[in-house]
$ cat my_file-v4.txt   # compact mmCIF, C-alpha atoms
# COMPACT_ATOMS: atom_id res chain seq x y z
CA MET A 9 96.70 115.71 204.62
CA ASN A 10 97.01 119.39 205.54
CA GLU A 11 96.25 122.79 204.02
CA ILE A 12 99.59 122.83 202.18
CA ILE A 13 100.02 119.25 200.93
CA SER A 14 96.49 118.23 200.01
CA ALA A 15 97.27 114.85 198.42
CA ILE A 16 100.21 112.50 197.79
CA GLY A 17 100.65 109.95 195.06
CA PHE A 18 102.53 108.73 192.03
CA CYS A 19 102.67 109.26 188.30
CA ASN A 20 101.27 106.36 186.30
CA ARG A 21 103.09 104.10 183.88
CA THR A 22 102.67 105.54 180.41
CA GLY A 23 101.32 103.27 177.73
CA HIS A 24 101.91 102.69 174.05
CA GLY A 25 99.09 104.84 172.71
CA ASP A 26 96.39 102.15 172.69
CA LEU A 27 95.12 102.69 176.28
CA SER A 28 96.06 99.09 177.18
CA VAL A 29 98.28 100.12 180.10
CA LEU A 30 96.20 102.95 181.56
CA ASP A 31 93.74 100.96 183.67
CA ALA A 32 96.38 98.64 185.12
CA SER A 33 98.72 101.50 185.93
CA LEU A 34 96.01 103.45 187.76
CA ARG A 35 95.06 100.31 189.69
CA GLU A 36 98.68 99.87 190.78
CA ILE A 37 98.72 103.38 192.24
CA ALA A 38 95.34 102.99 193.92
CA ASP A 39 96.50 99.74 195.50
CA THR A 40 99.37 101.55 197.26
CA GLY A 41 96.83 103.62 199.19
CA ALA A 42 97.92 106.86 197.51
CA ASP A 43 95.21 109.50 197.26
CA ALA A 44 96.64 111.31 194.20
CA CYS A 45 97.69 110.33 190.70
CA GLU A 46 99.38 112.13 187.84
CA ILE A 47 98.40 110.73 184.46
CA GLY A 48 100.89 110.95 181.62
CA ILE A 49 98.15 111.90 179.22
CA TYR A 50 100.67 112.89 176.54
CA ALA A 51 101.30 109.19 175.78
CA GLU A 52 97.72 108.06 175.27
CA GLU A 53 97.13 109.26 171.67
CA ILE A 54 93.93 111.16 172.40
CA VAL A 55 94.96 114.51 170.88
CA SER A 56 95.57 114.76 167.15
CA GLY A 57 96.64 118.04 165.57
CA GLY A 58 95.42 119.87 168.65
CA ARG A 59 91.98 118.19 168.46
CA ILE A 60 90.60 115.82 171.08
CA ILE A 61 89.69 112.38 169.70
CA GLU A 62 86.25 111.79 171.18
CA ASP A 63 85.93 108.00 171.25
CA ARG A 64 89.35 107.54 172.84
CA THR A 65 88.67 110.32 175.35
CA ARG A 66 85.38 108.75 176.41
CA ARG A 67 87.23 105.50 177.07
CA VAL A 68 89.81 107.36 179.17
CA GLU A 69 87.00 109.04 181.13
CA GLU A 70 85.45 105.64 181.88
CA ILE A 71 88.77 104.23 183.06
CA VAL A 72 89.62 107.21 185.27
CA ARG A 73 86.14 107.43 186.81
CA ALA A 74 86.57 103.92 188.20
CA TYR A 75 89.17 105.19 190.68
CA GLY A 76 88.45 107.41 193.65
CA PHE A 77 91.60 109.49 193.77
CA LYS A 78 91.21 112.61 195.88
CA LYS A 79 93.32 114.63 193.43
CA LEU A 80 94.34 114.18 189.80
CA SER A 81 96.87 115.98 187.67
CA LEU A 82 97.71 115.54 184.01
CA HIS A 83 101.22 115.71 182.63
CA GLY A 84 101.21 117.65 179.37
CA GLN A 85 103.59 116.95 176.53
CA ILE A 86 107.24 116.39 177.39
CA SER A 87 107.98 118.55 174.34
CA SER A 88 105.71 121.40 175.49
CA ASN A 89 107.72 124.57 174.93
CA PHE A 90 106.48 128.15 174.84
CA MET A 91 109.93 129.25 173.67
CA ASP A 92 109.44 127.30 170.45
CA ARG A 93 108.99 130.17 168.02
CA GLN A 94 108.47 127.97 164.96
CA HIS A 95 105.73 125.84 166.50
CA LEU A 96 104.27 128.21 169.09
CA ALA A 97 100.76 128.22 167.61
CA LEU A 98 100.73 124.42 167.57
CA GLN A 99 102.12 124.27 171.10
CA LYS A 100 99.33 126.51 172.37
CA LYS A 101 96.72 124.52 170.48
CA VAL A 102 97.79 121.33 172.23
CA VAL A 103 97.84 123.01 175.65
CA ARG A 104 94.28 124.20 175.05
CA ALA A 105 93.28 120.60 174.35
CA MET A 106 95.12 119.40 177.45
CA LEU A 107 93.29 121.95 179.59
CA GLU A 108 89.98 120.71 178.23
CA LEU A 109 91.05 117.17 179.09
CA CYS A 110 91.82 118.30 182.64
CA ASN A 111 88.27 119.59 182.88
CA ARG A 112 86.75 116.42 181.49
CA LEU A 113 88.82 114.11 183.71
CA GLY A 114 88.50 116.19 186.87
CA ALA A 115 92.21 117.06 187.08
CA GLY A 116 93.06 120.31 188.83
CA ILE A 117 96.63 120.62 187.53
CA LEU A 118 98.20 120.56 184.07
CA VAL A 119 101.96 120.06 184.22
CA HIS A 120 103.76 122.17 181.61
CA HIS A 121 107.52 122.14 181.05
CA SER A 122 109.36 125.45 181.13
CA GLY A 123 110.79 126.46 177.79
CA ALA A 124 114.17 126.13 176.13
CA ALA A 125 115.73 127.18 172.83
CA GLN A 126 118.93 127.89 171.01
CA LEU A 127 119.31 131.67 170.79
CA ALA A 128 118.92 133.04 167.26
CA GLU A 129 121.22 135.78 166.01
CA GLY A 130 120.32 139.06 167.71
CA GLU A 131 118.06 137.28 170.22
CA ASN A 132 118.58 137.08 173.96
CA GLY A 133 117.06 135.23 176.86
CA ALA A 134 114.72 138.10 177.71
CA ASP A 135 113.09 137.74 174.26
CA LEU A 136 112.38 134.07 174.93
CA ASP A 137 111.17 134.81 178.45
CA LEU A 138 108.68 137.33 177.08
CA MET A 139 107.38 134.89 174.47
CA GLU A 140 106.83 132.25 177.14
CA ARG A 141 105.17 134.67 179.54
CA GLU A 142 102.75 135.95 176.91
CA ALA A 143 101.75 132.40 175.98
CA LEU A 144 101.34 131.42 179.62
CA SER A 145 99.14 134.46 180.27
CA GLU A 146 96.93 133.52 177.33
CA MET A 147 96.65 129.91 178.46
CA ALA A 148 96.06 130.96 182.08
CA ASP A 149 92.83 132.64 181.04
CA VAL A 150 91.74 129.40 179.37
CA ALA A 151 92.74 127.45 182.47
CA LYS A 152 90.71 129.80 184.67
CA GLY A 153 87.57 128.92 182.72
CA TYR A 154 88.12 125.27 183.61
CA GLY A 155 89.23 125.84 187.20
CA VAL A 156 92.65 124.34 186.41
CA ARG A 157 96.12 125.51 187.42
CA ILE A 158 99.02 125.30 184.97
CA ALA A 159 102.11 124.14 186.87
CA LEU A 160 105.31 125.37 185.25
CA GLU A 161 108.03 122.79 185.81
CA ASN A 162 111.74 123.54 186.10
CA ILE A 163 113.85 121.38 183.77
CA PHE A 164 117.63 121.14 183.28
CA THR A 165 119.92 122.00 180.39
CA THR A 166 119.96 119.23 177.79
CA GLU A 167 122.02 120.65 174.90
CA SER A 168 125.18 122.66 174.47
CA GLY A 169 124.40 126.36 174.02
CA GLN A 170 120.78 125.93 175.09
CA TYR A 171 118.94 128.78 176.82
CA ARG A 172 117.16 127.29 179.79
CA GLN A 173 115.79 129.08 182.84
CA THR A 174 117.19 128.22 186.24
CA PRO A 175 114.71 127.22 188.95
CA SER A 176 114.75 130.75 190.40
CA GLN A 177 114.10 132.18 186.93
CA VAL A 178 111.09 129.86 186.54
CA ALA A 179 109.79 131.41 189.74
CA GLU A 180 110.37 134.87 188.25
CA THR A 181 108.28 133.87 185.23
CA VAL A 182 105.41 132.75 187.46
CA ARG A 183 105.57 136.04 189.35
CA ALA A 184 105.72 138.04 186.12
CA VAL A 185 102.65 136.26 184.71
CA GLY A 186 100.90 137.08 187.98
CA HIS A 187 97.87 134.86 187.40
CA ASP A 188 96.20 132.66 190.02
CA ASN A 189 96.00 129.85 187.46
CA VAL A 190 99.77 129.64 186.89
CA VAL A 191 101.96 128.21 189.64
CA ALA A 192 105.49 126.85 189.79
CA LEU A 193 106.25 123.16 189.93
CA ILE A 194 109.42 122.20 191.79
CA ASP A 195 111.06 119.13 190.40
CA PHE A 196 113.71 118.65 193.07
CA SER A 197 116.00 116.39 191.07
CA HIS A 198 115.85 118.66 188.02
CA ALA A 199 116.74 121.62 190.23
CA TYR A 200 119.64 119.67 191.74
CA ILE A 201 121.06 118.73 188.33
CA GLU A 202 120.73 122.25 186.93
CA SER A 203 122.26 123.76 190.05
CA THR A 204 125.24 121.44 189.73
CA PHE A 205 125.61 122.20 186.01
CA LYS A 206 125.41 126.00 186.45
CA GLN A 207 127.23 126.05 189.80
CA LEU A 208 124.26 127.46 191.68
CA ASP A 209 123.25 127.01 195.31
CA PHE A 210 120.66 124.19 195.05
CA ARG A 211 118.93 125.02 198.30
CA GLU A 212 118.78 128.72 197.47
CA GLU A 213 117.16 127.90 194.12
CA LEU A 214 114.51 125.87 195.94
CA ARG A 215 113.90 128.73 198.38
CA ALA A 216 113.30 131.08 195.46
CA MET A 217 110.70 128.77 193.92
CA ALA A 218 108.82 127.62 197.01
CA PRO A 219 106.58 130.68 197.66
CA VAL A 220 104.97 130.42 194.19
CA THR A 221 104.93 126.61 194.02
CA GLY A 222 101.66 124.67 193.85
CA HIS A 223 102.83 121.25 192.66
CA LEU A 224 105.78 118.99 193.51
CA HIS A 225 107.66 116.27 191.64
CA VAL A 226 109.63 114.19 194.10
CA HIS A 227 112.25 111.60 193.11
CA ASP A 228 115.85 111.10 194.09
CA SER A 229 119.20 111.54 192.35
CA PHE A 230 122.74 112.69 192.98
CA GLY A 231 122.38 115.94 191.01
CA LEU A 232 124.96 114.89 188.42
CA PRO A 233 124.51 116.21 184.86
CA TYR A 234 124.78 113.85 181.92
CA THR A 235 128.54 113.80 181.47
CA MET A 236 127.82 110.43 179.87
CA ASP A 237 124.46 109.29 178.55
CA LYS A 238 124.98 105.90 176.95
CA PHE A 239 124.35 102.95 179.25
CA PHE A 240 123.79 99.29 178.41
CA HIS A 241 121.02 99.15 181.03
CA PRO A 242 119.35 101.86 183.18
CA ALA A 243 120.77 100.16 186.27
CA GLU A 244 124.22 101.26 185.16
CA ALA A 245 123.20 104.92 185.35
CA THR A 246 121.87 104.22 188.85
CA ALA A 247 125.12 102.55 189.85
CA LEU A 248 127.12 105.53 188.63
CA GLY A 249 124.61 108.06 189.98
CA ILE A 250 124.58 110.03 186.74
CA GLY A 251 121.57 111.93 185.38
CA ASP A 252 117.85 112.27 185.96
CA LEU A 253 117.43 108.87 187.58
CA HIS A 254 113.89 109.02 189.03
CA LEU A 255 115.02 106.95 192.00
CA PRO A 256 113.07 105.96 195.11
CA LEU A 257 113.44 108.37 198.02
CA GLY A 258 116.64 107.67 199.91
CA TRP A 259 118.46 106.10 196.98
CA GLY A 260 120.09 109.41 196.05
CA ASP A 261 121.57 112.08 198.30
CA ILE A 262 118.89 114.78 198.36
CA ALA A 263 118.43 115.99 201.96
CA TRP A 264 114.66 115.55 201.95
CA ASP A 265 113.98 116.09 205.67
CA GLU A 266 116.03 119.30 205.81
CA ILE A 267 114.42 120.67 202.66
CA PHE A 268 110.83 120.01 203.70
CA ALA A 269 111.46 121.36 207.19
CA GLU A 270 112.54 124.75 205.81
CA LEU A 271 110.21 125.24 202.82
CA THR A 272 106.54 125.90 202.48
CA PHE A 273 104.36 126.01 199.39
CA LEU A 274 101.03 127.35 198.20
CA PRO A 275 97.86 125.89 199.72
CA ASP A 276 96.46 122.79 197.99
CA THR A 277 99.80 121.57 196.68
CA MET A 278 99.97 118.00 195.37
CA LEU A 279 103.07 115.88 195.99
CA ILE A 280 103.65 113.48 193.11
CA MET A 281 106.46 110.94 193.19
CA GLU A 282 107.90 110.47 189.72
CA ILE A 283 109.53 107.17 190.57
CA ASP A 284 110.06 104.75 187.70
CA SER A 285 107.41 102.13 188.48
CA HIS A 286 108.65 99.82 185.71
CA ARG A 287 111.77 99.27 187.83
CA PHE A 288 110.86 100.33 191.36
CA LYS A 289 107.27 99.24 191.96
CA ASP A 290 108.38 97.30 195.05
CA GLN A 291 109.71 100.54 196.56
CA GLN A 292 106.45 102.49 196.28
CA PRO A 293 104.96 101.62 199.69
CA ALA A 294 108.08 102.79 201.53
CA CYS A 295 108.23 105.94 199.39
CA LEU A 296 104.60 106.74 200.13
CA GLU A 297 105.23 106.46 203.87
CA ARG A 298 108.34 108.63 203.55
CA ALA A 299 106.44 111.28 201.56
CA ARG A 300 103.66 111.41 204.12
CA ASN A 301 106.26 112.00 206.83
CA LEU A 302 107.84 114.78 204.74
CA ALA A 303 104.49 116.51 204.45
CA THR A 304 104.24 116.71 208.23
CA LEU A 305 107.53 118.64 208.38
CA ILE A 306 106.20 121.63 206.44
CA GLY A 307 105.49 124.68 208.56
CA ARG A 308 106.86 123.27 211.80

$ encode --input "my_file-v4.txt" --output "structure tokens"
Amino acid sequence: MNEIISAIGFCNRTGHGDLSVLDASLREIADTGADACEIGIYAEEIVSGGRIIEDRTRRVEEIVRAYGFKKLSLHGQISSNFMDRQHLALQKKVVRAMLELCNRLGAGILVHHSGAAQLAEGENGADLDLMEREALSEMADVAKGYGVRIALENIFTTESGQYRQTPSQVAETVRAVGHDNVVALIDFSHAYIESTFKQLDFREELRAMAPVTGHLHVHDSFGLPYTMDKFFHPAEATALGIGDLHLPLGWGDIAWDEIFAELTFLPDTMLIMEIDSHRFKDQQPACLERARNLATLIGR
């Protein structure tokens, strides 16, 4: 690709915990011609109580080694949360295991969700920020030993009264940690939804994140928060344009060309399309071509 976007690909279809889906889902991505893959390792039941299950992990290694992706990333637990005071020790234990899995599978990135919590009495956001930053610093030293970067992903508010960092605040956390093995991960749709919810300037939030960003999650939406969340079928949410839809590029209204023409990222950034392959597998070839064109816009 180029010195900024080093590889482009898709996230795989997550399985049911028995590894039955993993091989087929990696083959689907390889068949598109993508040179990168993000494995949803959290779904494969290979970590138990923070310990790696050896026989399962060896099977995963065999499956992954059969594919010649230029770059791999692993998606850590969806519930990863370094603002989780009650379970912080367990959270860190699992992240340590995930970093070891990155090393064993040859993945250079571990995706880690930015934290969230309900504020306790007498607590403020700065207290939670500090807890997260201290945990990230500790894990960054572990990641350095494996040559892995932790990519801190911006999420969006999911509960009333929840403390959740904005995209620009996620960037502040990465800067505060100040470690080469912690980078920001821009999820464009998440940033769009949170910007709408908090009445922020979406494009300005992206500009704040971009200089410390080393991983991208690309999928489309209309940036509409979940003002309703019960649908008979996922297609109904698509029709309404509500929520975190994980749509093919061009199905939402994110101004992709304008955004990529004005932003740049850290060297060796992977672009991963988190497009729901259960529903949109037929759209992947066109999305891959579109993403490759977006990569050429950077730095013009």

$ closest_residue --input "my_file-v4.txt" --among "A:Glu212, A:Glu70, A:Glu282, A:Asp188" --to "Ser229 of chain A" --atoms "only C-alpha atoms"
A:Glu282

$ atom_distance --input "my_file-v4.txt" --atom1 "atom CA of Lys78 of chain A" --atom2 "atom CA of Ala44 of chain A"
5.8 Å

$ closest_residue --input "my_file-v4.txt" --among "A:Thr272, A:Gln292, A:Thr181, A:Thr65" --to "Gly258 of chain A" --atoms "all atoms listed in the file"
A:Gln292

$ closest_residue --input "my_file-v4.txt" --among "A:Lys206, A:His198, A:His223, A:Lys100" --to "Leu118 of chain A" --atoms "all atoms listed in the file"
A:His223

$ closest_residue --input "my_file-v4.txt" --among "A:Arg64, A:Asp276, A:Glu161, A:Met106" --to "Gly84 of chain A" --atoms "only C-alpha atoms"
A:Met106

$ residues_near_point --input "my_file-v4.txt" --point "(106.8, 129.3, 168.1)" --cutoff "12 Å" --atoms "all atoms listed in the file" --output "number ranges by chain"
A: 88-101, 123-125, 136, 139-140, 142-143

$ residues_near_point --input "my_file-v4.txt" --point "(106.3, 103.8, 191.1)" --cutoff "9 Å" --atoms "all atoms listed in the file" --output "PyMOL selection string"
chain A and resi 18-21+36-37+256+281-293+295

$ write_last_selection --input "my_file-v4.txt" --atoms "C-alpha atoms" --output "PDB file, keeping the file's coordinate frame"
ATOM      1  CA  PHE A  18     102.530 108.730 192.030  1.00  0.00           C
ATOM      2  CA  CYS A  19     102.670 109.260 188.300  1.00  0.00           C
ATOM      3  CA  ASN A  20     101.270 106.360 186.300  1.00  0.00           C
ATOM      4  CA  ARG A  21     103.090 104.100 183.880  1.00  0.00           C
ATOM      5  CA  GLU A  36      98.680  99.870 190.780  1.00  0.00           C
ATOM      6  CA  ILE A  37      98.720 103.380 192.240  1.00  0.00           C
ATOM      7  CA  PRO A 256     113.070 105.960 195.110  1.00  0.00           C
ATOM      8  CA  MET A 281     106.460 110.940 193.190  1.00  0.00           C
ATOM      9  CA  GLU A 282     107.900 110.470 189.720  1.00  0.00           C
ATOM     10  CA  ILE A 283     109.530 107.170 190.570  1.00  0.00           C
ATOM     11  CA  ASP A 284     110.060 104.750 187.700  1.00  0.00           C
ATOM     12  CA  SER A 285     107.410 102.130 188.480  1.00  0.00           C
ATOM     13  CA  HIS A 286     108.650  99.820 185.710  1.00  0.00           C
ATOM     14  CA  ARG A 287     111.770  99.270 187.830  1.00  0.00           C
ATOM     15  CA  PHE A 288     110.860 100.330 191.360  1.00  0.00           C
ATOM     16  CA  LYS A 289     107.270  99.240 191.960  1.00  0.00           C
ATOM     17  CA  ASP A 290     108.380  97.300 195.050  1.00  0.00           C
ATOM     18  CA  GLN A 291     109.710 100.540 196.560  1.00  0.00           C
ATOM     19  CA  GLN A 292     106.450 102.490 196.280  1.00  0.00           C
ATOM     20  CA  PRO A 293     104.960 101.620 199.690  1.00  0.00           C
ATOM     21  CA  CYS A 295     108.230 105.940 199.390  1.00  0.00           C
TER      22      CYS A 295
END

$ closest_residue --input "my_file-v4.txt" --among "A:Leu224, A:Leu193, A:Glu69, A:Pro233" --to "Glu167 of chain A" --atoms "all atoms listed in the file"
A:Pro233

$ build_atoms --input "my_file-v4.txt" --residues "segment 278-289 of chain A" --atoms "all heavy atoms" --output "compact mmCIF listing (two decimals), in the coordinates of the input"
# COMPACT_ATOMS: atom_id res chain seq x y z
N MET A 278 99.86 119.46 195.49
CA MET A 278 99.97 118.00 195.37
C MET A 278 101.44 117.60 195.38
O MET A 278 102.28 118.28 194.81
CB MET A 278 99.33 117.51 194.06
CG MET A 278 97.82 117.60 194.01
SD MET A 278 97.18 117.23 192.34
CE MET A 278 97.76 115.54 192.11
N LEU A 279 101.73 116.46 196.00
CA LEU A 279 103.07 115.88 195.99
C LEU A 279 103.01 114.60 195.17
O LEU A 279 102.36 113.63 195.57
CB LEU A 279 103.55 115.60 197.41
CG LEU A 279 105.01 115.19 197.60
CD1 LEU A 279 105.43 115.39 199.06
CD2 LEU A 279 105.29 113.75 197.20
N ILE A 280 103.64 114.62 194.01
CA ILE A 280 103.65 113.48 193.11
C ILE A 280 105.06 112.91 193.04
O ILE A 280 106.01 113.63 192.74
CB ILE A 280 103.17 113.87 191.70
CG1 ILE A 280 101.70 114.29 191.73
CG2 ILE A 280 103.38 112.73 190.70
CD1 ILE A 280 100.72 113.18 192.09
N MET A 281 105.16 111.61 193.31
CA MET A 281 106.46 110.94 193.19
C MET A 281 106.61 110.39 191.78
O MET A 281 105.84 109.52 191.36
CB MET A 281 106.58 109.84 194.24
CG MET A 281 106.81 110.41 195.63
SD MET A 281 106.72 109.16 196.93
CE MET A 281 104.95 109.00 197.13
N GLU A 282 107.59 110.93 191.07
CA GLU A 282 107.90 110.47 189.72
C GLU A 282 108.99 109.40 189.80
O GLU A 282 110.12 109.58 189.37
CB GLU A 282 108.37 111.63 188.85
CG GLU A 282 107.28 112.51 188.33
CD GLU A 282 107.76 113.40 187.19
OE1 GLU A 282 108.91 113.90 187.26
OE2 GLU A 282 107.01 113.60 186.24
N ILE A 283 108.61 108.28 190.37
CA ILE A 283 109.53 107.17 190.57
C ILE A 283 109.22 106.11 189.53
O ILE A 283 108.07 105.73 189.34
CB ILE A 283 109.40 106.61 192.00
CG1 ILE A 283 109.85 107.68 193.00
CG2 ILE A 283 110.20 105.33 192.17
CD1 ILE A 283 109.46 107.39 194.41
N ASP A 284 110.24 105.66 188.82
CA ASP A 284 110.06 104.75 187.70
C ASP A 284 109.44 103.44 188.17
O ASP A 284 110.11 102.56 188.72
CB ASP A 284 111.41 104.48 187.04
CG ASP A 284 111.29 103.70 185.74
OD1 ASP A 284 110.24 103.05 185.53
OD2 ASP A 284 112.23 103.72 184.94
N SER A 285 108.11 103.30 187.96
CA SER A 285 107.41 102.13 188.48
C SER A 285 107.70 100.87 187.67
O SER A 285 107.42 99.76 188.12
CB SER A 285 105.90 102.39 188.52
OG SER A 285 105.40 102.68 187.24
N HIS A 286 108.23 101.01 186.46
CA HIS A 286 108.65 99.82 185.71
C HIS A 286 109.74 99.09 186.48
O HIS A 286 109.81 97.86 186.46
CB HIS A 286 109.19 100.22 184.33
CG HIS A 286 108.17 100.80 183.41
ND1 HIS A 286 107.31 100.02 182.67
CD2 HIS A 286 107.87 102.08 183.11
CE1 HIS A 286 106.52 100.79 181.95
NE2 HIS A 286 106.84 102.05 182.20
N ARG A 287 110.60 99.86 187.15
CA ARG A 287 111.77 99.27 187.83
C ARG A 287 111.63 99.24 189.35
O ARG A 287 112.23 98.38 190.01
CB ARG A 287 113.02 100.08 187.47
CG ARG A 287 113.34 100.05 185.99
CD ARG A 287 114.10 101.29 185.55
NE ARG A 287 115.37 101.42 186.24
CZ ARG A 287 116.02 102.57 186.37
NH1 ARG A 287 115.49 103.68 185.90
NH2 ARG A 287 117.18 102.60 186.98
N PHE A 288 110.84 100.15 189.92
CA PHE A 288 110.86 100.33 191.36
C PHE A 288 109.48 100.19 192.01
O PHE A 288 109.22 100.77 193.06
CB PHE A 288 111.44 101.71 191.70
CG PHE A 288 112.81 101.96 191.15
CD1 PHE A 288 113.06 103.07 190.35
CD2 PHE A 288 113.85 101.10 191.42
CE1 PHE A 288 114.31 103.32 189.84
CE2 PHE A 288 115.12 101.34 190.91
CZ PHE A 288 115.36 102.45 190.12
N LYS A 289 108.61 99.40 191.40
CA LYS A 289 107.27 99.24 191.96
C LYS A 289 107.32 98.73 193.40
O LYS A 289 106.52 99.14 194.26
CB LYS A 289 106.46 98.27 191.09
CG LYS A 289 105.03 98.06 191.55
CD LYS A 289 104.31 97.08 190.64
CE LYS A 289 102.93 96.76 191.17
NZ LYS A 289 102.25 95.73 190.33
